[in-house]
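See structure below.
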Amino acid sequence: MIAQRKMGISIGSLTLPNPVMPASGAFGPEMHEALDFNQIGAIVPKSITKHPQPGNDTPRVCETYAGMINSIGIQSKGLDAYLAKTIPEFSAYDVPLISSISAESIDEFVEMSDVLGNHPDIDALELNISCPNLKGDGHAFGMDADVTYELMQRVRKVTDIPLIAKLTPNVTSIQEIAKAADAGGADALTVANTMLAMAIDTESRKPMVGNVMGGLSGPAVKPIMVRMIYQTAQVTDLPIIGCGGVMNGNDAIEMIIAGASAVQVGTASFITPTALTDVIEEIREYMDRHDIMDINDLTGTVEI
Amino acid sequence: MIAQRKMGISIGSLTLPNPVMPASGAFGPEMHEALDFNQIGAIVPKSITKHPQPGNDTPRVCETYAGMINSIGIQSKGLDAYLAKTIPEFSAYDVPLISSISAESIDEFVEMSDVLGNHPDIDALELNISCPNLKGDGHAFGMDADVTYELMQRVRKVTDIPLIAKLTPNVTSIQEIAKAADAGGADALTVANTMLAMAIDTESRKPMVGNVMGGLSGPAVKPIMVRMIYQTAQVTDLPIIGCGGVMNGNDAIEMIIAGASAVQVGTASFITPTALTDVIEEIREYMDRHDIMDINDLTGTVEI
Amino acid sequence: MMKQHLLPILTNVQVSERYWHMTIDTSNMNERIEPGQFFHIRCSDNAFPFLRRPFSIYRINREEDTIEFLYLVKGEGTKDLTKKKPGETADLLGPLGYGFKLDPGFDEILLTARGVGIATLAALAQEAGRKGVRCTAILSARSKNDLLAAETLQDFGAEVHHVTEEEETSGVESVESQMRDIIERKDVNALYTCGSRRLSRLNQRLAAEYGLPGEIALEEQMGCAMGACFACVCDLEEEGKHRSVRVCLEGPVFPLEKVVIS
Amino acid sequence: MMKQHLLPILTNVQVSERYWHMTIDTSNMNERIEPGQFFHIRCSDNAFPFLRRPFSIYRINREEDTIEFLYLVKGEGTKDLTKKKPGETADLLGPLGYGFKLDPGFDEILLTARGVGIATLAALAQEAGRKGVRCTAILSARSKNDLLAAETLQDFGAEVHHVTEEEETSGVESVESQMRDIIERKDVNALYTCGSRRLSRLNQRLAAEYGLPGEIALEEQMGCAMGACFACVCDLEEEGKHRSVRVCLEGPVFPLEKVVIS
Ligand SMILES: Cc1cc2nc3c(=O)[nH]c(=O)nc-3n(C[C@H](O)[C@H](O)[C@H](O)COP(=O)(O)OP(=O)(O)OC[C@H]3O[C@@H](n4cnc5c(N)ncnc54)[C@H](O)[C@@H]3O)c2cc1C
Ligand SMILES: Cc1cc2nc3c(=O)[nH]c(=O)nc-3n(C[C@H](O)[C@H](O)[C@H](O)COP(=O)(O)OP(=O)(O)OC[C@H]3O[C@@H](n4cnc5c(N)ncnc54)[C@H](O)[C@@H]3O)c2cc1C
Ligand SMILES: Cc1cc2nc3c(=O)[nH]c(=O)nc-3n(C[C@H](O)[C@H](O)[C@H](O)COP(=O)(O)O)c2cc1C
Ligand SMILES: Cc1cc2nc3c(=O)[nH]c(=O)nc-3n(C[C@H](O)[C@H](O)[C@H](O)COP(=O)(O)O)c2cc1C
Ligand code: FES
Ligand code: FES
């Protein structure tokens, strides 16, 4: 390989060195033993809540065909511990830090974004408006376009750093929610969080995860996510971060062709700890093979 | 096995000999060579439209992780050919015949239900208000509670035979749609049709199915369907027909425990032509092993 | 007959860079198998790949009660098929569809096959050999290596011509002049083709011009292979009207002149 | 150390009705392995099962540079693991977590293990044998057949007592009286347990009563086994307060008295 392929991508004012980052909740500081954090596009820690909270009952994960259900909930040490420990730990690395925020009300989203969105070590915020594990039978902010709009607009007022709205796929029209987030001031959209799902052990008749329902991730959901990325790209010009079932470079390329500018990798890291850097390498190989000079040239090139 | 296990289930006034029937579109008269039709719970032919229509461009199927996408569309010979050929062909068998109807407007649903719902050889109607392959970016009647209510109510007026609403899973709240169908006069709900999905060949950058998007079926979607069955059972007393990813008796039992009274088997038949009768046999074994005298006793027994 | 058979694998070996060859013991199968028919094969026991894959019958050995498949390793399914070992079981649905019709009046036929289409026409060459019908085959492939697998056609008594990209002999014009030469020189009675749209169109054109009957074996993406799912459709033109047919059920072999090649 | 290793399988054999035993060549792995640690193993290359499965190290052979696993065939994952053949590669992530602490002051320890917990405590018995610490083990299982796999504990010099459902000897009261007898008779210094909630509670009770230290190895459903996903949590009670810990990262071995057994 002689050619210098351009892999950098932009999310609002932020430039990432390459389009591959971890999915929130499937990445932790301890993984540095297995993975060179300085090679990835950005660091995205587990979603943080304002107050410490315990998460859900165990068992918290179970396996399904080509996927897994998690009902971790947001086990969190709260904002103070995050500021004191998590941010310094991650800002030691040479890549942008994107904080994922989970909150129980719009006010709380605003309050947390005010703190984190004005912190010198944080480069962007991902607003997890989609976590299906919260109380309320899986209901989430991101299921309602008006709520999404209001939430984004209010958060937009308190910070200037790029805002990424992480959408939920458990909606009738991802386009409506995407448009609302765009209008509300989002700089990018993560498409999407997990599909609300359930599995039952037929011997015990008990749900396989403690919280009854949980979020489905992994290759099983990829065709749904590719569809939503494509649909979202039709209605907004915002950069899209594809998420859900990326196991290898080919999956990432598929999402990019559908309309994504970047991808997140979650479950794959549980199987191969170096999945993130493997995906980057495989994207690079694809660019070589197809002589693509700039990864941005591939975004949305699906031939209809 | 000495005990006589009861496997019959009711859908409104109709009794099925057992709770296992084909999913519409994944079953055809030719399969009688491989499968004893007289053993299954009901016959459900491919959805029929009023006028002949050609279906979508090929390729019409592609495979994904633990699933497949189809964009058959409703290739149909129209109502006249259905009355002249399909109904006589299937009514030769000794099991109830459930006609699946697809239409382009509420009026057309009513018109077709009037004909088929008053035909002596047809025992129930399944209204496919969910087919995501139709034009309009995957939009379907069953994505809107008000439309669903009106559609069911109007169809209810023209026929007395049991009406099954086949819901789409591509919605924010399956509960809202289920309640609307119930209020509109449905006797049962099929939960659910396929998830709207897309796959792209990264070499050619072309969608893997001719129609760009299609419906995802198979084991990949089962955890989403089990969740929706559970949610639906919380808001309605109507019998639920679980559908999506049933590959074996255990999957059927899982749906029944979640709240289903019966199940449909689609994709599994493509892999094992005797999947329908295999599932029945495996349900029977489960009932023996757990000493369940009546399959209806198992419905909704998930331990929360 | 749509029946699922679990049959012993006798051999499964690589025969060229991209092709493998598998022999199956059919002594426990009663159905009669015709050239042009296919089986829908479960390539692995894993959750993925998931669907069966269709493969034509490459060779039918009625005396030994075996059949053979010749397959190109293309994607996940065929890759998994190579892992099957002699003694293990193959899960076959079939034989499916309608095969070739070899009119008793034919003395001389011409086959044009491209890529995996060669496997499909091989069984016809074998049948022709058995029935004393003279057979010429033009085999087209990417490389000479790909054609190694097809040497058996010669064993069946066929006269074999090779064209390849590698040698830049596979262009339509070059095949056309070869076909014309053979048709005229040998007084061919019928044309058979499989595996390429371009060659199919060429066959249709020449059949019309020379007034020859012919047949074509189609390949379409399949779901059920039992006529249930309508995945594998194509159009026939009959009396000026288009009629949709299912390749798995009504084909895969169709009258050459009727098929609408998209 | 969270590292993925692809290592040769030396043996993989069935040792009783439900148990298998696998030996891995670790000569290309530098990490030091301690009893009580575990590996997160990819049981097959298929799409399903999908997640790795955690297995304790059953036996560590420092001289031969091998490690052994003893595993119960439970579901899809372990079923697939039985298909791996000598010469093939095992995909191991680890060694993970913190192992047992065998205080240099201990002369006499008592292990109580149930089911697959026996595999976890075996490596500790081996270590005890190596260090000249006397070791008694009460092994509890469904059937005598299940205990066949555990005969090696005797090779390590442990005194082994069996209790089973089959013989109706595995009730908590029966184990309690055996434990009391051994603790009192042998002047046991520490208790170790794995594999059963009931036995864990019993161990906690007796440890408190006799004022003995102890450790427990926990099993929790795991996702990543790298501390990232918080799937495998349990609570420790410290100074009257509950603290959530990750079994994969901070365990799987914890102080007996601290673990909140739900
Ligand atoms: C009637 C018929 C007979 C055939 N006979 C032979 C034969 O004798 N030898 C041989 O090597 N191949 C034959 N093929 C093609 C063969 O079925 C495909 O090469 C094979 O399915 C590829 O599977 P894969 O998983 O390796 O490839 P992938 O590309 O991974 O397959 C992905 C999907 O595409 C489908 N697919 C890919 N290529 C084709 C194709 N050409 N036609 C139909 N579906 C396809 C597969 O079934 C699968 O669903 C035949 C096809 C048909 C329809
Ligand atoms: C730290 C640790 C050490 C272990 N050591 C051993 C050992 O040495 N030998 C042995 O036989 N078993 C051991 N186990 C249990 C072993 O991991 C499970 O039996 C195995 O994962 C079952 O997988 P399966 O696919 O066969 O079963 P399935 O029941 O099909 O598994 C389904 C899911 O449940 C999980 N699971 C099932 N049982 C357990 C369990 N007991 N603990 C945690 N997750 C479970 C699986 O990982 C999988 O995700 C250990 C577990 C842990 C946490
Ligand atoms: C164990 C686990 C925990 C997760 N926690 C979070 C979270 O805290 N916040 C969030 O936005 N998404 C969370 N997710 C969702 C992932 O970020 C991602 O959207 C999803 O896993 C799909 O991607 P994948 O298929 O690559 O795993 C979690 C996923 C898993 C598997
Ligand atoms: C090839 C194919 C064609 C289908 N056609 C129809 C249809 O005409 N009408 C309908 O209501 N559902 C149709 N479906 C959806 C199935 O009835 C069923 O809802 C879906 O396949 C999920 O079940 P499964 O996972 O068991 O296949 C079709 C599915 C497939 C795979
Ligand atoms: S493959 Fe299903 S109809 Fe032909
Ligand atoms: S298994 Fe992921 S934190 Fe322990």
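In the structure tokens, the first chain shown is A, the next is B, and so on; residue numbers restart at 1 for each chain, and ligands run from 1 in the order shown.
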Within stretch 75-143 of chain A, find each residue whose DSSP state, derived from the backbone, is strand (DSSP E), and express the selection as a VMD selection string.
-> chain A and resid 98 to 101 124 to 128
Contacts of B:Gly300 at 8 Å (only C-alpha atoms; same-chain gap of 3+ positions) as a PyMOL selection string | chain B and resi 230+233+256-260
Write down as an NGL selection string the residues of stretch 52-277 of chain B whose backbone DSSP state falls under alpha helix (DSSP H).
-> :B and (78-81 or 87-91 or 106-116 or 145-158 or 174-184 or 222-235 or 249-258 or 268-271 or 275-277)
Mind listing as a PyMOL selection string which residues of chain A are within 8 Å of chain B, counting only C-alpha atoms?
-> chain A and resi 64-67+143+170-173+195-202+205-207+212-213+216+219-221+223-228+250+253-254+257-258+301-304
Dump of N, CA and C atoms for the selected residues, as a tab-separated table (two decimals), in the first residue's frame:
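part.tsv, freshly written:
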```tsv
chain	number	residue	atom	x	y	z
A	64	THR	N	-28.96	-15.16	22.26
A	64	THR	CA	-30.02	-15.58	21.35
A	64	THR	C	-29.34	-15.93	20.02
A	65	TYR	N	-30.12	-16.34	19.03
A	65	TYR	CA	-29.51	-16.66	17.74
A	65	TYR	C	-28.79	-15.46	17.17
A	66	ALA	N	-27.49	-15.55	17.02
A	66	ALA	CA	-26.68	-14.48	16.44
A	66	ALA	C	-26.88	-13.15	17.14
A	67	GLY	N	-27.18	-13.18	18.41
A	67	GLY	CA	-27.33	-11.95	19.16
A	67	GLY	C	-27.32	-12.19	20.65
A	143	MET	N	-38.64	7.89	21.63
A	143	MET	CA	-39.79	7.30	20.96
A	143	MET	C	-40.80	8.37	20.54
A	170	ASN	N	-36.75	1.26	18.26
A	170	ASN	CA	-38.07	0.74	18.61
A	170	ASN	C	-39.16	1.77	18.32
A	171	VAL	N	-39.19	2.24	17.08
A	171	VAL	CA	-40.14	3.28	16.70
A	171	VAL	C	-40.76	2.96	15.35
A	172	THR	N	-41.91	3.56	15.12
A	172	THR	CA	-42.60	3.38	13.85
A	172	THR	C	-41.83	4.08	12.73
A	173	SER	N	-41.32	5.29	13.02
A	173	SER	CA	-40.65	6.04	11.97
A	173	SER	C	-39.36	6.65	12.51
A	195	MET	N	-32.64	-3.24	20.06
A	195	MET	CA	-34.05	-3.58	19.89
A	195	MET	C	-34.57	-4.17	21.20
A	196	LEU	N	-35.69	-3.70	21.66
A	196	LEU	CA	-36.28	-4.26	22.88
A	196	LEU	C	-36.68	-5.71	22.62
A	197	ALA	N	-36.26	-6.60	23.50
A	197	ALA	CA	-36.43	-8.02	23.24
A	197	ALA	C	-36.60	-8.81	24.53
A	198	MET	N	-36.98	-10.06	24.35
A	198	MET	CA	-37.25	-10.91	25.51
A	198	MET	C	-36.99	-12.36	25.14
A	199	ALA	N	-36.49	-13.12	26.10
A	199	ALA	CA	-36.34	-14.56	25.89
A	199	ALA	C	-36.76	-15.24	27.19
A	200	ILE	N	-37.32	-16.43	27.03
A	200	ILE	CA	-37.84	-17.16	28.19
A	200	ILE	C	-37.23	-18.55	28.22
A	201	ASP	N	-36.78	-18.95	29.38
A	201	ASP	CA	-36.30	-20.32	29.57
A	201	ASP	C	-37.52	-21.22	29.69
A	202	THR	N	-37.70	-22.12	28.72
A	202	THR	CA	-38.94	-22.90	28.71
A	202	THR	C	-38.98	-23.94	29.83
A	205	ARG	N	-39.62	-21.42	32.92
A	205	ARG	CA	-40.62	-20.42	32.53
A	205	ARG	C	-40.26	-19.01	33.02
A	206	LYS	N	-39.02	-18.82	33.35
A	206	LYS	CA	-38.57	-17.50	33.80
A	206	LYS	C	-37.94	-16.74	32.63
A	207	PRO	N	-38.08	-15.42	32.62
A	207	PRO	CA	-37.35	-14.64	31.62
A	207	PRO	C	-35.86	-14.88	31.78
A	212	VAL	N	-36.72	-8.91	32.90
A	212	VAL	CA	-37.78	-9.41	32.01
A	212	VAL	C	-37.46	-9.11	30.54
A	213	MET	N	-37.32	-7.83	30.20
A	213	MET	CA	-36.96	-7.47	28.82
A	213	MET	C	-35.58	-6.83	28.80
A	216	LEU	N	-31.62	-6.11	22.45
A	216	LEU	CA	-31.00	-7.09	21.56
A	216	LEU	C	-29.91	-6.41	20.74
A	219	PRO	N	-25.17	-9.43	15.42
A	219	PRO	CA	-25.45	-9.56	13.99
A	219	PRO	C	-26.92	-9.76	13.65
A	220	ALA	N	-27.71	-10.32	14.55
A	220	ALA	CA	-29.12	-10.55	14.29
A	220	ALA	C	-29.83	-9.26	13.90
A	221	VAL	N	-29.44	-8.14	14.51
A	221	VAL	CA	-30.17	-6.89	14.27
A	221	VAL	C	-29.58	-6.05	13.14
A	223	PRO	N	-29.47	-6.14	9.85
A	223	PRO	CA	-30.29	-5.74	8.70
A	223	PRO	C	-31.32	-4.67	9.06
A	224	ILE	N	-31.76	-4.65	10.30
A	224	ILE	CA	-32.71	-3.62	10.74
A	224	ILE	C	-31.98	-2.28	10.84
A	225	MET	N	-30.76	-2.32	11.35
A	225	MET	CA	-29.99	-1.09	11.51
A	225	MET	C	-29.57	-0.51	10.16
A	226	VAL	N	-29.17	-1.36	9.25
A	226	VAL	CA	-28.79	-0.89	7.91
A	226	VAL	C	-29.99	-0.20	7.27
A	227	ARG	N	-31.17	-0.79	7.43
A	227	ARG	CA	-32.38	-0.16	6.89
A	227	ARG	C	-32.60	1.21	7.52
A	228	MET	N	-32.44	1.30	8.83
A	228	MET	CA	-32.71	2.58	9.51
A	228	MET	C	-31.66	3.63	9.14
A	250	ASN	N	-16.47	-5.55	6.85
A	250	ASN	CA	-17.49	-5.60	5.82
A	250	ASN	C	-18.83	-5.05	6.33
A	253	ILE	N	-18.50	-1.30	6.38
A	253	ILE	CA	-18.60	-0.78	5.01
A	253	ILE	C	-20.06	-0.79	4.55
A	254	GLU	N	-20.78	-1.86	4.88
A	254	GLU	CA	-22.20	-1.94	4.50
A	254	GLU	C	-22.97	-0.75	5.08
A	257	ILE	N	-21.94	2.48	3.25
A	257	ILE	CA	-22.59	2.55	1.94
A	257	ILE	C	-24.08	2.92	2.10
A	258	ALA	N	-24.69	2.44	3.18
A	258	ALA	CA	-26.11	2.75	3.43
A	258	ALA	C	-26.31	4.21	3.81
A	301	THR	N	-23.32	5.64	-0.77
A	301	THR	CA	-23.16	5.33	-2.19
A	301	THR	C	-23.96	4.12	-2.65
A	302	VAL	N	-24.90	3.68	-1.86
A	302	VAL	CA	-25.72	2.53	-2.27
A	302	VAL	C	-26.39	2.83	-3.61
A	303	GLU	N	-26.33	1.85	-4.49
A	303	GLU	CA	-26.89	2.03	-5.84
A	303	GLU	C	-28.32	1.54	-5.90
A	304	ILE	N	-29.24	2.46	-5.97
A	304	ILE	CA	-30.65	2.07	-5.97
A	304	ILE	C	-31.16	1.98	-7.40
```
Could the residues that lie within 6 Å of ligand 2, counting only C-alpha atoms and all ligand atoms, be listed as a short mmCIF file (atom, residue, chain, number, x, y, z; two decimals) with N, CA, C and O atoms, in the first residue's frame?
```
data_model
loop_
_atom_site.label_atom_id
_atom_site.label_comp_id
_atom_site.auth_asym_id
_atom_site.auth_seq_id
_atom_site.Cartn_x
_atom_site.Cartn_y
_atom_site.Cartn_z
N CYS A 62 -28.19 -12.61 28.16
CA CYS A 62 -28.42 -13.96 27.68
C CYS A 62 -28.21 -13.98 26.19
O CYS A 62 -28.23 -12.94 25.54
N GLU A 63 -27.95 -15.16 25.69
CA GLU A 63 -27.62 -15.27 24.28
C GLU A 63 -28.85 -15.69 23.48
O GLU A 63 -29.67 -16.46 23.96
N PHE D 38 -9.78 -17.99 35.61
CA PHE D 38 -10.54 -18.67 34.56
C PHE D 38 -10.17 -18.13 33.18
O PHE D 38 -9.49 -17.11 33.06
N ARG D 53 -17.61 -18.62 26.74
CA ARG D 53 -18.07 -19.25 27.97
C ARG D 53 -16.92 -19.28 28.97
O ARG D 53 -15.80 -19.62 28.59
N PRO D 54 -17.20 -18.96 30.23
CA PRO D 54 -16.13 -18.98 31.24
C PRO D 54 -15.89 -20.38 31.81
O PRO D 54 -16.84 -21.08 32.16
N PHE D 55 -14.63 -20.76 31.90
CA PHE D 55 -14.25 -22.03 32.53
C PHE D 55 -13.04 -21.83 33.44
O PHE D 55 -12.03 -21.26 33.02
N SER D 56 -13.16 -22.34 34.65
CA SER D 56 -12.04 -22.31 35.59
C SER D 56 -10.93 -23.22 35.10
O SER D 56 -11.17 -24.19 34.38
N LEU D 70 -12.00 -29.05 33.11
CA LEU D 70 -12.99 -30.09 33.30
C LEU D 70 -14.34 -29.43 33.12
O LEU D 70 -14.65 -28.46 33.82
N TYR D 71 -15.11 -29.90 32.15
CA TYR D 71 -16.36 -29.18 31.91
C TYR D 71 -17.56 -30.10 31.77
O TYR D 71 -17.49 -31.19 31.24
N LEU D 72 -18.66 -29.58 32.27
CA LEU D 72 -19.95 -30.24 32.19
C LEU D 72 -20.60 -29.86 30.86
O LEU D 72 -20.64 -28.69 30.51
N VAL D 73 -21.11 -30.85 30.16
CA VAL D 73 -21.83 -30.54 28.92
C VAL D 73 -23.24 -30.12 29.28
O VAL D 73 -24.06 -30.91 29.72
N LYS D 74 -23.48 -28.81 29.12
CA LYS D 74 -24.72 -28.25 29.62
C LYS D 74 -25.66 -27.84 28.48
O LYS D 74 -26.77 -28.30 28.38
N GLY D 75 -25.18 -26.94 27.64
CA GLY D 75 -26.02 -26.44 26.54
C GLY D 75 -25.22 -26.42 25.25
O GLY D 75 -24.28 -27.18 25.06
N GLU D 76 -25.61 -25.51 24.37
CA GLU D 76 -25.00 -25.43 23.04
C GLU D 76 -23.49 -25.22 23.09
O GLU D 76 -22.74 -25.82 22.34
N GLY D 77 -23.06 -24.32 23.96
CA GLY D 77 -21.65 -23.96 23.99
C GLY D 77 -20.77 -25.15 24.34
O GLY D 77 -19.84 -25.50 23.61
N THR D 78 -21.07 -25.77 25.45
CA THR D 78 -20.24 -26.90 25.88
C THR D 78 -20.41 -28.09 24.94
O THR D 78 -19.47 -28.86 24.76
N LYS D 79 -21.58 -28.23 24.34
CA LYS D 79 -21.76 -29.30 23.36
C LYS D 79 -20.78 -29.09 22.19
O LYS D 79 -20.13 -30.02 21.73
N VAL D 116 -20.06 -28.28 38.88
CA VAL D 116 -18.87 -27.80 38.16
C VAL D 116 -17.94 -27.03 39.08
O VAL D 116 -16.79 -26.79 38.74
N ALA D 119 -14.50 -28.49 39.59
CA ALA D 119 -13.40 -28.16 38.67
C ALA D 119 -12.62 -26.96 39.18
O ALA D 119 -11.39 -26.92 39.11
N THR D 120 -13.35 -25.99 39.71
CA THR D 120 -12.71 -24.77 40.18
C THR D 120 -11.82 -25.03 41.39
O THR D 120 -10.72 -24.50 41.51
N GLU D 219 -19.93 -17.95 40.36
CA GLU D 219 -20.27 -18.12 38.95
C GLU D 219 -21.38 -17.14 38.61
O GLU D 219 -22.40 -17.12 39.29
N GLU D 220 -21.18 -16.33 37.61
CA GLU D 220 -22.25 -15.46 37.14
C GLU D 220 -22.26 -15.48 35.61
O GLU D 220 -21.22 -15.64 34.98
N GLN D 221 -23.41 -15.34 35.06
CA GLN D 221 -23.57 -15.20 33.61
C GLN D 221 -22.65 -14.06 33.14
O GLN D 221 -22.67 -12.98 33.73
N MET D 222 -21.84 -14.30 32.13
CA MET D 222 -20.89 -13.28 31.70
C MET D 222 -21.12 -12.84 30.26
O MET D 222 -21.56 -13.61 29.42
N PRO D 252 -13.02 -14.15 40.18
CA PRO D 252 -14.25 -14.78 40.70
C PRO D 252 -14.12 -15.22 42.17
O PRO D 252 -15.11 -15.62 42.75
#
```
Atom CA of B:Gln175 to atom CA of A:Lys166 measures 23.9 Å
List the neighbours of A:Tyr82 out to 10 Å using only C-alpha atoms; skip same-chain residues closer than 2 positions along the sequence, and give me the result as a short mmCIF file (atom, residue, chain, number, x, y, z; two decimals) with C-alpha atoms, in the first residue's frame.
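What follows is the written file selection-v5.cif:
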```
data_model
loop_
_atom_site.label_atom_id
_atom_site.label_comp_id
_atom_site.auth_asym_id
_atom_site.auth_seq_id
_atom_site.Cartn_x
_atom_site.Cartn_y
_atom_site.Cartn_z
CA PRO A 45 -17.55 5.24 27.90
CA ILE A 48 -23.40 7.98 32.90
CA THR A 49 -26.32 9.03 35.12
CA LYS A 50 -26.44 11.97 37.49
CA PRO A 52 -25.25 6.57 41.39
CA SER A 76 -23.45 4.00 37.26
CA LYS A 77 -21.34 5.57 39.96
CA GLY A 78 -22.89 8.95 39.24
CA LEU A 79 -21.56 12.17 37.80
CA ASP A 80 -19.11 12.99 40.59
CA ALA A 84 -13.16 12.38 39.33
CA LYS A 85 -12.16 9.05 37.84
CA THR A 86 -13.50 8.09 34.41
CA ILE A 87 -12.65 11.26 32.53
CA PRO A 88 -9.04 11.52 33.73
CA GLU A 89 -8.57 7.82 33.03
CA SER A 99 -19.39 11.12 26.85
CA LEU A 116 -19.99 17.56 30.77
#
```
Chain C residues near chain B within 6 Å, closest pair each, using only C-alpha atoms, as JSON lines:
```
{"residue": "C:Met2", "atom": "CA", "partner": "B:Ala34", "partner_atom": "CA", "distance": 5.6}
{"residue": "C:Lys3", "atom": "CA", "partner": "B:Ala34", "partner_atom": "CA", "distance": 5.6}
{"residue": "C:Ala47", "atom": "CA", "partner": "B:Ala66", "partner_atom": "CA", "distance": 5.6}
{"residue": "C:Phe48", "atom": "CA", "partner": "B:Ala66", "partner_atom": "CA", "distance": 5.6}
{"residue": "C:Cys224", "atom": "CA", "partner": "B:Phe270", "partner_atom": "CA", "distance": 4.4}
{"residue": "C:Ala228", "atom": "CA", "partner": "B:Gly28", "partner_atom": "CA", "distance": 4.3}
{"residue": "C:Cys229", "atom": "CA", "partner": "B:Ala26", "partner_atom": "CA", "distance": 5.4}
{"residue": "C:Ala231", "atom": "CA", "partner": "B:Arg60", "partner_atom": "CA", "distance": 5.1}
```
Please provide as a VMD selection string all residues within 10 Å of C:Glu168, with the sequence filter that same-chain residues fewer than 6 positions apart are discarded (counting only C-alpha atoms).
-> chain C and resid 142 to 143 174
Residues as selected, N, CA and C atoms, written as an mmCIF file, in the first residue's frame, can you do that?
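Written file, selection_20.cif:
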```cif
data_model
loop_
_atom_site.group_PDB
_atom_site.id
_atom_site.type_symbol
_atom_site.label_atom_id
_atom_site.label_comp_id
_atom_site.auth_asym_id
_atom_site.auth_seq_id
_atom_site.Cartn_x
_atom_site.Cartn_y
_atom_site.Cartn_z
ATOM 1 N N ARG C 142 -13.719 -18.251 -16.547
ATOM 2 C CA ARG C 142 -12.735 -17.214 -16.292
ATOM 3 C C ARG C 142 -11.344 -17.644 -16.717
ATOM 4 N N SER C 143 -10.977 -18.867 -16.286
ATOM 5 C CA SER C 143 -9.598 -19.306 -16.511
ATOM 6 C C SER C 143 -9.579 -20.775 -16.906
ATOM 7 N N SER C 174 -16.707 -14.165 -30.586
ATOM 8 C CA SER C 174 -15.904 -15.362 -30.800
ATOM 9 C C SER C 174 -16.748 -16.617 -30.586
#
```
Tell me, as an NGL selection string, which residues lie within 8 Å of D:Asp146, counting only C-alpha atoms; anything in the same chain fewer than 3 positions away does not count.
-> :D and (16-19 or 115 or 141-143 or 149)
What gap, in Å, lies between atom CA of B:Val110 and atom CA of B:Ala186?
->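 According to the coordinates, atom CA of B:Val110 and atom CA of B:Ala186 are separated by 13.8 Å.
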Within 10 Å of D:Lys85 using only C-alpha atoms, minus same-chain residues under 4 positions, as a list of chain:residue names | D:Pro8, D:Ile9, D:Leu10, D:Thr11, D:Asn12, D:Val13, D:Met22, D:Leu81, D:Thr89, D:Ala90
Write the residues of the selection above to a file with N, CA, C and O atoms, as a CSV table (one decimal), in the first residue's frame.
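The result, written out as selection.csv:
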```
chain,number,residue,atom,x,y,z
D,8,PRO,N,-2.9,-24.8,20.9
D,8,PRO,CA,-3.2,-26.1,20.5
D,8,PRO,C,-3.9,-27.0,21.6
D,8,PRO,O,-3.5,-26.9,22.7
D,9,ILE,N,-4.9,-27.7,21.1
D,9,ILE,CA,-5.6,-28.6,22.0
D,9,ILE,C,-4.8,-30.0,22.0
D,9,ILE,O,-4.5,-30.5,20.9
D,10,LEU,N,-4.5,-30.5,23.1
D,10,LEU,CA,-3.7,-31.7,23.2
D,10,LEU,C,-4.6,-32.9,23.3
D,10,LEU,O,-4.5,-33.9,22.7
D,11,THR,N,-5.6,-32.8,24.2
D,11,THR,CA,-6.6,-33.9,24.4
D,11,THR,C,-8.0,-33.2,24.6
D,11,THR,O,-8.1,-32.1,25.2
D,12,ASN,N,-9.0,-33.9,24.3
D,12,ASN,CA,-10.4,-33.5,24.6
D,12,ASN,C,-11.3,-34.7,24.7
D,12,ASN,O,-11.7,-35.2,23.6
D,13,VAL,N,-11.5,-35.2,25.8
D,13,VAL,CA,-12.1,-36.5,26.0
D,13,VAL,C,-13.3,-36.5,27.0
D,13,VAL,O,-13.2,-35.8,28.0
D,22,MET,N,-10.3,-31.4,28.9
D,22,MET,CA,-9.5,-30.9,27.8
D,22,MET,C,-8.2,-30.4,28.3
D,22,MET,O,-8.1,-29.7,29.3
D,81,LEU,N,-18.0,-27.5,22.3
D,81,LEU,CA,-16.6,-27.6,22.8
D,81,LEU,C,-16.2,-29.1,22.7
D,81,LEU,O,-15.0,-29.4,22.4
D,89,THR,N,-7.3,-25.7,17.3
D,89,THR,CA,-6.9,-24.6,18.2
D,89,THR,C,-8.0,-24.2,19.1
D,89,THR,O,-9.2,-24.2,18.7
D,90,ALA,N,-7.7,-23.9,20.3
D,90,ALA,CA,-8.7,-23.3,21.2
D,90,ALA,C,-8.4,-21.8,21.3
D,90,ALA,O,-7.3,-21.4,21.3
```
